[in-house]
Amino acid sequence: MFCCCAADSTSKDEAVLVRAMPVHDDRAPIRGDGEVLLEDPAVEPVQAAPSAAEKRSAQELPVPAKQPVPLGEEPQVFQASLSKPSVESASGWHLDVLDQRHIFICRLVQMGTTPIETYNASVATAWQIREGDYVTAVNGVSGSAEKMSEAMKSTDRVKINISRPIVFAKTLAKNGMPLGLDLKYGPGGSSLLIEGVGKGAFSQHAPDVRTGDRILSVNGTTGTPYVLMQAIQ
């Protein structure tokens with residue numbers, strides 16, 4: 001963990017951050033088969049059984065046609081199925097599990113034959129897995145990055161829930177203040193995970209930034225966590 005406190009510049013910096021989309025977000029899309037992906041749907045209230053008259057009335061009504069998903073719609077949450085040559089085979093991505101709740105996709109391996117590339121080649125661009133996406137469930141396992149990672153490694157057939165990130169930018173003037181962030185990162189990563197927000201430039205100028213957000217770039221600079229740490233100080 002790194003506590004970022006040194007700051008003596010009076011210039012303004014812009015940081016681009018990402019946040020995992022809540023699983024109950026109203027923007028959860030409908031897949032091509034009409035399935036809405038919600039990890040914990042609300043329990044439907046128990047209703048009384050329809051009367052005989054109501055049943056007859058319902059049978060007389062025409063059955064509505066199933067509405068297709070608009071072709072140009074960009075899904076925010078969707079499900080993807082991966083097939084690996086063997087249980088031990090790599091999927092073709094580099095993952096960050098520092099968040100503990102979600103898995104962050106740092107980058108995709110470009111080999112032309114990975115399970116991720118095979119899946120992406122089989123679907124429309126809007127449904128492809130991308131760098132910066134979040135994995136929120138693996139074969140029904142959710143809520144723990146460690147358990148989801150274990151689930152991926154235990155089988156050659158993997159069904160994963162993918163969530164697009166919420167991307168936003170914040171501009172702040174440090175004016176001698178510390179950033180007030182506890183930052184966490186790992187080797188091979190591409191972002192800085194915010195593990196804590198204290199008193200400082202972020203809490204003053206960007207109070208909606210919260211624990212679990214990730215910093216992807218600073219003043220247009222992207223790269224390894226070391227590069228980002230140098231840019232943000």
# chains A, B, ... in the order shown; residues from 1 in each chain; ligands from 1
$ residues_around --residues "region 108-124 of chain A" --least-positions-apart "5" --cutoff "8 Å" --atoms "only C-alpha atoms" --output "list of chain:residue names"
A:Ala80, A:Ser81, A:Leu82, A:Ser83, A:Lys84, A:Ala90, A:Ser91, A:Gly92, A:Trp93, A:His94, A:Ile129, A:Arg130, A:Glu131
$ write_last_selection --atoms "N, CA, C and O atoms" --output "PDB file, in the first residue's frame"
ATOM      1  N   ALA A  80     -20.721 -13.790 -20.615  1.00  0.00           N
ATOM      2  CA  ALA A  80     -19.892 -14.367 -21.673  1.00  0.00           C
ATOM      3  C   ALA A  80     -19.474 -15.773 -21.268  1.00  0.00           C
ATOM      4  O   ALA A  80     -19.207 -16.033 -20.087  1.00  0.00           O
ATOM      5  N   SER A  81     -19.413 -16.670 -22.233  1.00  0.00           N
ATOM      6  CA  SER A  81     -18.997 -18.049 -21.985  1.00  0.00           C
ATOM      7  C   SER A  81     -17.653 -18.292 -22.649  1.00  0.00           C
ATOM      8  O   SER A  81     -17.482 -18.048 -23.853  1.00  0.00           O
ATOM      9  N   LEU A  82     -16.686 -18.776 -21.865  1.00  0.00           N
ATOM     10  CA  LEU A  82     -15.351 -19.071 -22.364  1.00  0.00           C
ATOM     11  C   LEU A  82     -15.110 -20.569 -22.328  1.00  0.00           C
ATOM     12  O   LEU A  82     -15.514 -21.254 -21.389  1.00  0.00           O
ATOM     13  N   SER A  83     -14.428 -21.066 -23.358  1.00  0.00           N
ATOM     14  CA  SER A  83     -14.067 -22.474 -23.427  1.00  0.00           C
ATOM     15  C   SER A  83     -12.551 -22.585 -23.537  1.00  0.00           C
ATOM     16  O   SER A  83     -11.965 -22.113 -24.517  1.00  0.00           O
ATOM     17  N   LYS A  84     -11.925 -23.207 -22.528  1.00  0.00           N
ATOM     18  CA  LYS A  84     -10.476 -23.361 -22.516  1.00  0.00           C
ATOM     19  C   LYS A  84     -10.104 -24.760 -23.015  1.00  0.00           C
ATOM     20  O   LYS A  84     -10.832 -25.724 -22.776  1.00  0.00           O
ATOM     21  N   ALA A  90      -4.523 -20.926 -19.901  1.00  0.00           N
ATOM     22  CA  ALA A  90      -4.777 -19.516 -19.589  1.00  0.00           C
ATOM     23  C   ALA A  90      -5.929 -18.997 -20.438  1.00  0.00           C
ATOM     24  O   ALA A  90      -6.148 -19.450 -21.562  1.00  0.00           O
ATOM     25  N   SER A  91      -6.669 -18.034 -19.876  1.00  0.00           N
ATOM     26  CA  SER A  91      -7.810 -17.466 -20.600  1.00  0.00           C
ATOM     27  C   SER A  91      -7.402 -16.397 -21.595  1.00  0.00           C
ATOM     28  O   SER A  91      -8.106 -16.152 -22.571  1.00  0.00           O
ATOM     29  N   GLY A  92      -6.264 -15.728 -21.332  1.00  0.00           N
ATOM     30  CA  GLY A  92      -5.803 -14.707 -22.264  1.00  0.00           C
ATOM     31  C   GLY A  92      -5.996 -13.293 -21.766  1.00  0.00           C
ATOM     32  O   GLY A  92      -6.208 -12.380 -22.562  1.00  0.00           O
ATOM     33  N   TRP A  93      -5.902 -13.113 -20.449  1.00  0.00           N
ATOM     34  CA  TRP A  93      -6.008 -11.773 -19.894  1.00  0.00           C
ATOM     35  C   TRP A  93      -5.148 -11.657 -18.647  1.00  0.00           C
ATOM     36  O   TRP A  93      -4.739 -12.648 -18.051  1.00  0.00           O
ATOM     37  N   HIS A  94      -4.834 -10.417 -18.269  1.00  0.00           N
ATOM     38  CA  HIS A  94      -4.130 -10.141 -17.013  1.00  0.00           C
ATOM     39  C   HIS A  94      -5.134  -9.476 -16.073  1.00  0.00           C
ATOM     40  O   HIS A  94      -5.718  -8.446 -16.409  1.00  0.00           O
ATOM     41  N   ILE A 129     -15.413  -8.543 -24.666  1.00  0.00           N
ATOM     42  CA  ILE A 129     -14.709  -8.258 -23.419  1.00  0.00           C
ATOM     43  C   ILE A 129     -13.574  -7.295 -23.722  1.00  0.00           C
ATOM     44  O   ILE A 129     -12.837  -7.476 -24.696  1.00  0.00           O
ATOM     45  N   ARG A 130     -13.408  -6.274 -22.879  1.00  0.00           N
ATOM     46  CA  ARG A 130     -12.410  -5.236 -23.125  1.00  0.00           C
ATOM     47  C   ARG A 130     -11.514  -5.025 -21.914  1.00  0.00           C
ATOM     48  O   ARG A 130     -11.877  -5.357 -20.787  1.00  0.00           O
ATOM     49  N   GLU A 131     -10.369  -4.445 -22.163  1.00  0.00           N
ATOM     50  CA  GLU A 131      -9.518  -3.985 -21.066  1.00  0.00           C
ATOM     51  C   GLU A 131     -10.259  -2.906 -20.294  1.00  0.00           C
ATOM     52  O   GLU A 131     -10.889  -2.035 -20.887  1.00  0.00           O
TER      53      GLU A 131
END
$ select_by_dssp --residues "region 44-222 of chain A" --states "strand (DSSP E or B)" --output "count of residues only"
56
$ residues_around --residues "region 155-160 of chain A" --least-positions-apart "4" --cutoff "9 Å" --atoms "only C-alpha atoms" --output "PDB file with all heavy atoms, in the first residue's frame"
ATOM      1  N   PHE A  78     -23.283  -7.880 -19.068  1.00  0.00           N
ATOM      2  CA  PHE A  78     -23.647  -9.006 -19.916  1.00  0.00           C
ATOM      3  C   PHE A  78     -22.891 -10.248 -19.474  1.00  0.00           C
ATOM      4  O   PHE A  78     -22.002 -10.189 -18.622  1.00  0.00           O
ATOM      5  CB  PHE A  78     -23.372  -8.698 -21.401  1.00  0.00           C
ATOM      6  CG  PHE A  78     -21.920  -8.459 -21.734  1.00  0.00           C
ATOM      7  CD1 PHE A  78     -21.119  -9.485 -22.210  1.00  0.00           C
ATOM      8  CD2 PHE A  78     -21.349  -7.201 -21.579  1.00  0.00           C
ATOM      9  CE1 PHE A  78     -19.781  -9.264 -22.525  1.00  0.00           C
ATOM     10  CE2 PHE A  78     -20.016  -6.965 -21.885  1.00  0.00           C
ATOM     11  CZ  PHE A  78     -19.230  -8.014 -22.367  1.00  0.00           C
ATOM     12  N   GLN A  79     -23.259 -11.377 -20.056  1.00  0.00           N
ATOM     13  CA  GLN A  79     -22.652 -12.646 -19.698  1.00  0.00           C
ATOM     14  C   GLN A  79     -21.895 -13.204 -20.891  1.00  0.00           C
ATOM     15  O   GLN A  79     -22.337 -13.108 -22.031  1.00  0.00           O
ATOM     16  CB  GLN A  79     -23.732 -13.629 -19.243  1.00  0.00           C
ATOM     17  CG  GLN A  79     -23.205 -14.805 -18.441  1.00  0.00           C
ATOM     18  CD  GLN A  79     -24.348 -15.586 -17.832  1.00  0.00           C
ATOM     19  OE1 GLN A  79     -25.044 -16.310 -18.530  1.00  0.00           O
ATOM     20  NE2 GLN A  79     -24.563 -15.428 -16.530  1.00  0.00           N
ATOM     21  N   ALA A  80     -20.721 -13.790 -20.615  1.00  0.00           N
ATOM     22  CA  ALA A  80     -19.892 -14.367 -21.673  1.00  0.00           C
ATOM     23  C   ALA A  80     -19.474 -15.773 -21.268  1.00  0.00           C
ATOM     24  O   ALA A  80     -19.207 -16.033 -20.087  1.00  0.00           O
ATOM     25  CB  ALA A  80     -18.655 -13.502 -21.917  1.00  0.00           C
ATOM     26  N   SER A  81     -19.413 -16.670 -22.233  1.00  0.00           N
ATOM     27  CA  SER A  81     -18.997 -18.049 -21.985  1.00  0.00           C
ATOM     28  C   SER A  81     -17.653 -18.292 -22.649  1.00  0.00           C
ATOM     29  O   SER A  81     -17.482 -18.048 -23.853  1.00  0.00           O
ATOM     30  CB  SER A  81     -20.033 -19.029 -22.536  1.00  0.00           C
ATOM     31  OG  SER A  81     -21.264 -18.889 -21.853  1.00  0.00           O
ATOM     32  N   LEU A  82     -16.686 -18.776 -21.865  1.00  0.00           N
ATOM     33  CA  LEU A  82     -15.351 -19.071 -22.364  1.00  0.00           C
ATOM     34  C   LEU A  82     -15.110 -20.569 -22.328  1.00  0.00           C
ATOM     35  O   LEU A  82     -15.514 -21.254 -21.389  1.00  0.00           O
ATOM     36  CB  LEU A  82     -14.287 -18.368 -21.516  1.00  0.00           C
ATOM     37  CG  LEU A  82     -14.410 -16.856 -21.327  1.00  0.00           C
ATOM     38  CD1 LEU A  82     -13.269 -16.344 -20.461  1.00  0.00           C
ATOM     39  CD2 LEU A  82     -14.435 -16.145 -22.672  1.00  0.00           C
ATOM     40  N   SER A  83     -14.428 -21.066 -23.358  1.00  0.00           N
ATOM     41  CA  SER A  83     -14.067 -22.474 -23.427  1.00  0.00           C
ATOM     42  C   SER A  83     -12.551 -22.585 -23.537  1.00  0.00           C
ATOM     43  O   SER A  83     -11.965 -22.113 -24.517  1.00  0.00           O
ATOM     44  CB  SER A  83     -14.750 -23.126 -24.635  1.00  0.00           C
ATOM     45  OG  SER A  83     -14.390 -24.489 -24.748  1.00  0.00           O
ATOM     46  N   LYS A  84     -11.925 -23.207 -22.528  1.00  0.00           N
ATOM     47  CA  LYS A  84     -10.476 -23.361 -22.516  1.00  0.00           C
ATOM     48  C   LYS A  84     -10.104 -24.760 -23.015  1.00  0.00           C
ATOM     49  O   LYS A  84     -10.832 -25.724 -22.776  1.00  0.00           O
ATOM     50  CB  LYS A  84      -9.936 -23.137 -21.106  1.00  0.00           C
ATOM     51  CG  LYS A  84     -10.240 -21.762 -20.528  1.00  0.00           C
ATOM     52  CD  LYS A  84      -9.525 -21.530 -19.202  1.00  0.00           C
ATOM     53  CE  LYS A  84     -10.030 -22.458 -18.111  1.00  0.00           C
ATOM     54  NZ  LYS A  84      -9.382 -22.174 -16.801  1.00  0.00           N
ATOM     55  N   PRO A  85      -8.940 -24.897 -23.671  1.00  0.00           N
ATOM     56  CA  PRO A  85      -8.507 -26.229 -24.127  1.00  0.00           C
ATOM     57  C   PRO A  85      -8.385 -27.235 -22.988  1.00  0.00           C
ATOM     58  O   PRO A  85      -8.643 -28.416 -23.164  1.00  0.00           O
ATOM     59  CB  PRO A  85      -7.149 -25.948 -24.780  1.00  0.00           C
ATOM     60  CG  PRO A  85      -7.199 -24.502 -25.158  1.00  0.00           C
ATOM     61  CD  PRO A  85      -8.023 -23.838 -24.105  1.00  0.00           C
ATOM     62  N   SER A  86      -8.002 -26.749 -21.805  1.00  0.00           N
ATOM     63  CA  SER A  86      -7.898 -27.599 -20.626  1.00  0.00           C
ATOM     64  C   SER A  86      -8.098 -26.742 -19.393  1.00  0.00           C
ATOM     65  O   SER A  86      -8.107 -25.498 -19.466  1.00  0.00           O
ATOM     66  CB  SER A  86      -6.527 -28.287 -20.571  1.00  0.00           C
ATOM     67  OG  SER A  86      -5.503 -27.331 -20.343  1.00  0.00           O
ATOM     68  N   VAL A  87      -8.254 -27.388 -18.247  1.00  0.00           N
ATOM     69  CA  VAL A  87      -8.444 -26.638 -17.001  1.00  0.00           C
ATOM     70  C   VAL A  87      -7.251 -25.733 -16.730  1.00  0.00           C
ATOM     71  O   VAL A  87      -7.400 -24.608 -16.231  1.00  0.00           O
ATOM     72  CB  VAL A  87      -8.657 -27.616 -15.824  1.00  0.00           C
ATOM     73  CG1 VAL A  87      -8.712 -26.857 -14.501  1.00  0.00           C
ATOM     74  CG2 VAL A  87      -9.928 -28.429 -16.020  1.00  0.00           C
ATOM     75  N   GLU A  88      -6.066 -26.200 -17.058  1.00  0.00           N
ATOM     76  CA  GLU A  88      -4.847 -25.438 -16.761  1.00  0.00           C
ATOM     77  C   GLU A  88      -4.578 -24.316 -17.755  1.00  0.00           C
ATOM     78  O   GLU A  88      -3.710 -23.465 -17.511  1.00  0.00           O
ATOM     79  CB  GLU A  88      -3.628 -26.381 -16.728  1.00  0.00           C
ATOM     80  CG  GLU A  88      -3.655 -27.426 -15.635  1.00  0.00           C
ATOM     81  CD  GLU A  88      -4.557 -28.608 -15.973  1.00  0.00           C
ATOM     82  OE1 GLU A  88      -4.914 -28.738 -17.175  1.00  0.00           O
ATOM     83  OE2 GLU A  88      -4.904 -29.369 -15.060  1.00  0.00           O
ATOM     84  N   SER A  89      -5.270 -24.296 -18.875  1.00  0.00           N
ATOM     85  CA  SER A  89      -5.000 -23.300 -19.916  1.00  0.00           C
ATOM     86  C   SER A  89      -5.334 -21.887 -19.445  1.00  0.00           C
ATOM     87  O   SER A  89      -6.294 -21.677 -18.702  1.00  0.00           O
ATOM     88  CB  SER A  89      -5.807 -23.610 -21.178  1.00  0.00           C
ATOM     89  OG  SER A  89      -5.451 -24.855 -21.704  1.00  0.00           O
ATOM     90  N   VAL A 135     -15.040  -8.119 -13.897  1.00  0.00           N
ATOM     91  CA  VAL A 135     -15.683  -9.421 -13.774  1.00  0.00           C
ATOM     92  C   VAL A 135     -16.416  -9.427 -12.439  1.00  0.00           C
ATOM     93  O   VAL A 135     -15.806  -9.233 -11.376  1.00  0.00           O
ATOM     94  CB  VAL A 135     -14.652 -10.567 -13.814  1.00  0.00           C
ATOM     95  CG1 VAL A 135     -15.339 -11.918 -13.593  1.00  0.00           C
ATOM     96  CG2 VAL A 135     -13.906 -10.557 -15.144  1.00  0.00           C
ATOM     97  N   THR A 136     -17.736  -9.638 -12.468  1.00  0.00           N
ATOM     98  CA  THR A 136     -18.531  -9.568 -11.240  1.00  0.00           C
ATOM     99  C   THR A 136     -19.064 -10.920 -10.795  1.00  0.00           C
ATOM    100  O   THR A 136     -19.568 -11.043  -9.677  1.00  0.00           O
ATOM    101  CB  THR A 136     -19.719  -8.602 -11.430  1.00  0.00           C
ATOM    102  OG1 THR A 136     -20.537  -9.065 -12.520  1.00  0.00           O
ATOM    103  CG2 THR A 136     -19.219  -7.185 -11.730  1.00  0.00           C
ATOM    104  N   ALA A 137     -18.976 -11.939 -11.646  1.00  0.00           N
ATOM    105  CA  ALA A 137     -19.419 -13.281 -11.255  1.00  0.00           C
ATOM    106  C   ALA A 137     -18.769 -14.303 -12.172  1.00  0.00           C
ATOM    107  O   ALA A 137     -18.548 -14.033 -13.362  1.00  0.00           O
ATOM    108  CB  ALA A 137     -20.938 -13.417 -11.299  1.00  0.00           C
ATOM    109  N   VAL A 138     -18.448 -15.464 -11.621  1.00  0.00           N
ATOM    110  CA  VAL A 138     -17.848 -16.562 -12.382  1.00  0.00           C
ATOM    111  C   VAL A 138     -18.571 -17.847 -12.012  1.00  0.00           C
ATOM    112  O   VAL A 138     -18.525 -18.278 -10.850  1.00  0.00           O
ATOM    113  CB  VAL A 138     -16.345 -16.700 -12.091  1.00  0.00           C
ATOM    114  CG1 VAL A 138     -15.765 -17.892 -12.851  1.00  0.00           C
ATOM    115  CG2 VAL A 138     -15.598 -15.418 -12.441  1.00  0.00           C
ATOM    116  N   ASN A 139     -19.257 -18.442 -12.974  1.00  0.00           N
ATOM    117  CA  ASN A 139     -20.000 -19.690 -12.738  1.00  0.00           C
ATOM    118  C   ASN A 139     -20.874 -19.603 -11.481  1.00  0.00           C
ATOM    119  O   ASN A 139     -20.931 -20.539 -10.668  1.00  0.00           O
ATOM    120  CB  ASN A 139     -19.036 -20.871 -12.623  1.00  0.00           C
ATOM    121  CG  ASN A 139     -18.395 -21.218 -13.962  1.00  0.00           C
ATOM    122  OD1 ASN A 139     -18.859 -20.771 -15.013  1.00  0.00           O
ATOM    123  ND2 ASN A 139     -17.331 -21.995 -13.934  1.00  0.00           N
ATOM    124  N   GLY A 140     -21.531 -18.468 -11.321  1.00  0.00           N
ATOM    125  CA  GLY A 140     -22.438 -18.272 -10.195  1.00  0.00           C
ATOM    126  C   GLY A 140     -21.779 -17.784  -8.925  1.00  0.00           C
ATOM    127  O   GLY A 140     -22.467 -17.446  -7.957  1.00  0.00           O
ATOM    128  N   ALA A 151     -12.673 -20.097  -9.012  1.00  0.00           N
ATOM    129  CA  ALA A 151     -13.676 -20.723  -9.867  1.00  0.00           C
ATOM    130  C   ALA A 151     -13.209 -20.771 -11.319  1.00  0.00           C
ATOM    131  O   ALA A 151     -13.491 -21.733 -12.043  1.00  0.00           O
ATOM    132  CB  ALA A 151     -15.004 -19.973  -9.758  1.00  0.00           C
TER     133      ALA A 151
END
$ closest_residue --among "A:Ala15, A:Met148, A:Leu193, A:Ala201" --to "Thr171 (chain A)" --atoms "only C-alpha atoms"
A:Ala15
$ residues_around --residues "Ile194 (chain A)" --least-positions-apart "3" --cutoff "8 Å" --atoms "only C-alpha atoms" --output "PyMOL selection string"
chain A and resi 181-184+197+210-215
$ write_last_selection --atoms "C-alpha atoms" --output "CSV table (one decimal), in the first residue's frame"
chain,number,residue,atom,x,y,z
A,181,LEU,CA,-5.5,9.0,-0.8
A,182,ASP,CA,-4.3,5.5,0.3
A,183,LEU,CA,-3.4,3.9,-3.0
A,184,LYS,CA,-2.9,0.2,-3.6
A,197,VAL,CA,-9.9,8.7,1.2
A,210,ARG,CA,-14.6,6.9,-2.9
A,211,THR,CA,-12.9,3.7,-1.8
A,212,GLY,CA,-12.8,1.1,-4.6
A,213,ASP,CA,-12.4,3.7,-7.4
A,214,ARG,CA,-9.4,3.3,-9.7
A,215,ILE,CA,-7.1,5.9,-11.2
$ residues_around --residues "Ser217 (chain A)" --least-positions-apart "4" --cutoff "7 Å" --atoms "only C-alpha atoms" --output "number ranges by chain"
A: 15-16, 221-222, 228
$ residues_around --residues "Arg101 (chain A)" --least-positions-apart "6" --cutoff "8 Å" --atoms "only C-alpha atoms" --output "list of chain:residue names"
A:Thr136, A:Ser142, A:Gly143, A:Ser144, A:Ala145
$ write_last_selection --atoms "N, CA, C and O atoms" --output "PDB file, in the first residue's frame"
ATOM      1  N   THR A 136     -17.736  -9.638 -12.468  1.00  0.00           N
ATOM      2  CA  THR A 136     -18.531  -9.568 -11.240  1.00  0.00           C
ATOM      3  C   THR A 136     -19.064 -10.920 -10.795  1.00  0.00           C
ATOM      4  O   THR A 136     -19.568 -11.043  -9.677  1.00  0.00           O
ATOM      5  N   SER A 142     -19.865 -14.949  -6.804  1.00  0.00           N
ATOM      6  CA  SER A 142     -19.722 -13.499  -6.846  1.00  0.00           C
ATOM      7  C   SER A 142     -19.387 -12.974  -5.458  1.00  0.00           C
ATOM      8  O   SER A 142     -19.454 -13.697  -4.462  1.00  0.00           O
ATOM      9  N   GLY A 143     -19.006 -11.691  -5.402  1.00  0.00           N
ATOM     10  CA  GLY A 143     -18.763 -11.038  -4.116  1.00  0.00           C
ATOM     11  C   GLY A 143     -17.369 -11.191  -3.567  1.00  0.00           C
ATOM     12  O   GLY A 143     -17.001 -10.519  -2.602  1.00  0.00           O
ATOM     13  N   SER A 144     -16.530 -12.046  -4.155  1.00  0.00           N
ATOM     14  CA  SER A 144     -15.168 -12.267  -3.681  1.00  0.00           C
ATOM     15  C   SER A 144     -14.264 -12.489  -4.877  1.00  0.00           C
ATOM     16  O   SER A 144     -14.435 -13.463  -5.624  1.00  0.00           O
ATOM     17  N   ALA A 145     -13.284 -11.587  -5.068  1.00  0.00           N
ATOM     18  CA  ALA A 145     -12.362 -11.724  -6.185  1.00  0.00           C
ATOM     19  C   ALA A 145     -11.552 -13.007  -6.068  1.00  0.00           C
ATOM     20  O   ALA A 145     -11.278 -13.681  -7.066  1.00  0.00           O
TER      21      ALA A 145
END
$ atom_distance --atom1 "CA of Thr224 (chain A)" --atom2 "CA of Asp99 (chain A)"
17.1 Å
$ atom_distance --atom1 "CA of Gly223 (chain A)" --atom2 "CA of Ala173 (chain A)"
22.6 Å
